[in-house]
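**Student:** Here you go, this is run_3.txt (compact mmCIF, C-alpha atoms).
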```
# COMPACT_ATOMS: atom_id res chain seq x y z
CA MET A 22 -36.76 -9.21 -177.77
CA ILE A 23 -35.29 -7.49 -180.80
CA GLU A 24 -36.03 -4.10 -179.23
CA ALA A 25 -34.03 -5.10 -176.15
CA LEU A 26 -31.05 -6.01 -178.32
CA LYS A 27 -31.27 -2.68 -180.13
CA ARG A 28 -31.18 -0.88 -176.76
CA LEU A 29 -28.20 -2.97 -175.66
CA LEU A 30 -26.30 -2.11 -178.82
CA GLY A 31 -26.88 1.59 -178.24
CA LYS A 32 -29.20 2.45 -181.12
CA LYS A 33 -31.05 5.69 -180.29
CA GLU A 34 -34.84 5.56 -180.29
CA SER A 35 -37.01 8.40 -181.50
CA SER A 36 -39.53 9.89 -179.06
CA GLY A 37 -42.29 8.14 -181.01
CA ASP A 38 -40.56 4.78 -180.60
CA VAL A 39 -40.13 5.40 -176.87
CA ALA A 40 -43.82 6.31 -176.49
CA ARG A 41 -44.87 3.24 -178.50
CA ARG A 42 -42.66 0.98 -176.35
CA ARG A 43 -44.07 2.46 -173.13
CA LEU A 44 -47.61 1.91 -174.33
CA GLN A 45 -46.76 -1.68 -175.27
CA LEU A 46 -45.37 -2.23 -171.75
CA VAL A 47 -48.56 -0.90 -170.19
CA ILE A 48 -50.66 -3.21 -172.38
CA ILE A 49 -48.42 -6.21 -171.65
CA ASN A 50 -48.54 -5.56 -167.91
CA ASP A 51 -52.33 -5.34 -168.08
CA ARG A 52 -52.62 -8.56 -170.08
CA ALA A 53 -50.17 -10.37 -167.80
CA ASN A 54 -52.15 -9.14 -164.81
CA VAL A 55 -48.93 -8.07 -163.07
CA SER A 56 -49.45 -5.14 -160.77
CA PRO A 57 -46.93 -2.30 -160.56
CA GLU A 58 -46.30 -3.30 -156.93
CA ILE A 59 -45.28 -6.82 -157.97
CA MET A 60 -43.02 -5.43 -160.71
CA ASP A 61 -41.39 -3.08 -158.17
CA ASN A 62 -40.90 -5.93 -155.70
CA MET A 63 -39.33 -8.15 -158.37
CA ARG A 64 -37.03 -5.32 -159.41
CA ALA A 65 -35.92 -4.73 -155.81
CA GLU A 66 -35.25 -8.42 -155.21
CA ILE A 67 -33.29 -8.82 -158.44
CA ILE A 68 -31.18 -5.78 -157.53
CA GLN A 69 -30.58 -7.21 -154.06
CA VAL A 70 -29.39 -10.59 -155.38
CA ILE A 71 -27.19 -9.25 -158.18
CA SER A 72 -25.67 -6.67 -155.81
CA LYS A 73 -24.20 -9.51 -153.77
CA TYR A 74 -21.88 -10.30 -156.68
CA MET A 75 -21.54 -7.14 -158.78
CA TYR A 76 -21.53 -3.38 -158.44
CA ILE A 77 -24.37 -2.19 -160.65
CA ASP A 78 -25.76 1.12 -161.88
CA THR A 79 -29.44 0.96 -160.91
CA ARG A 80 -30.15 4.41 -162.41
CA GLU A 81 -29.57 3.06 -165.94
CA MET A 82 -31.30 -0.28 -165.31
CA GLU A 83 -34.15 -1.31 -167.62
CA PHE A 84 -36.76 -3.75 -166.36
CA ALA A 85 -39.79 -4.73 -168.42
CA LEU A 86 -42.13 -7.44 -169.57
CA GLU A 87 -42.11 -7.81 -173.35
CA ASN A 88 -44.46 -9.77 -175.53
CA GLU A 89 -43.55 -11.09 -178.95
CA ASN A 90 -45.29 -13.83 -180.90
CA ASP A 91 -47.55 -14.75 -177.95
CA THR A 92 -44.52 -15.27 -175.70
CA MET A 93 -43.87 -13.11 -172.69
CA ALA A 94 -40.36 -12.40 -171.43
CA LEU A 95 -38.96 -10.48 -168.51
CA VAL A 96 -36.21 -8.34 -170.02
CA VAL A 97 -33.68 -6.80 -167.67
CA ASN A 98 -30.74 -4.66 -168.73
CA ILE A 99 -28.41 -3.97 -165.79
CA PRO A 100 -25.22 -1.99 -166.38
CA VAL A 101 -22.40 -3.67 -164.43
CA VAL A 102 -19.86 -1.23 -162.99
CA SER A 103 -17.53 -3.97 -161.73
CA VAL A 104 -17.50 -7.50 -160.35
CA GLN A 105 -17.29 -7.78 -156.61
CA HIS A 106 -14.30 -9.74 -155.32
CA GLY A 107 -15.26 -10.61 -151.76
CA GLY A 108 -16.71 -8.41 -149.03
CA SER A 109 -20.02 -6.62 -149.15
CA ASP A 110 -20.04 -2.84 -149.05
CA LEU A 111 -23.62 -1.74 -149.74
CA SER A 112 -22.66 1.91 -150.08
CA ARG A 113 -20.58 1.16 -153.20
CA ARG A 114 -23.04 -1.22 -154.86
CA ARG A 115 -25.74 1.15 -156.00
CA ARG A 116 -24.33 4.09 -157.86
```
So that I can check it, write out the structure of this file as structure tokens.
**Tutor:**
Amino acid sequence: MIEALKRLLGKKESSGDVARRRLQLVIINDRANVSPEIMDNMRAEIIQVISKYMYIDTREMEFALENENDTMALVVNIPVVSVQHGGSDLSRRRR
């Protein structure tokens, strides 16, 4: 959870930190028994729901399971471009 806050606050990670975090995600996903297909489906559904209300930048989105102190959390960082005020124009939602 602390790592997610550091990413939100813009602290740069070294390549070693990035590699360590990726390995941790692989291990967590294996322990949680969550397949990559399920993670992809969850990601797509979350994007679909949030896109009804906000214009988001899916290219910069972070989506991961994190484990700290025997507690698992789904951590999602979604950059919001703007809040949608009525209407639904799918072409503008995903930048």
**Student:** Record the distance separating atom CA of Glu83 of chain A and atom CA of Arg64 of chain A, expressed in Å with one decimal.
**Tutor:**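 Interatomic distance, atom CA of Glu83 of chain A to atom CA of Arg64 of chain A: 9.6 Å.
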**Student:** Atom CA of Pro57 of chain A and atom CA of Gln69 of chain A, how far apart in Å?
**Tutor:**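 That distance, rounded to one decimal, is 18.3 Å.
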**Student:** Provide the atom CA of Asp78 of chain A to atom CA of Val104 of chain A distance in Å, to one decimal place.
**Tutor:**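 Atom CA of Val104 of chain A lies 12.0 Å from atom CA of Asp78 of chain A.
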**Student:** For each of A:Pro100, A:Met63, A:Phe84, A:Gln105, take the minimum atom-to-atom distance to Arg43 of chain A, counting all atoms listed in the file, then give the residue where this is smallest.
**Tutor:** A:Phe84
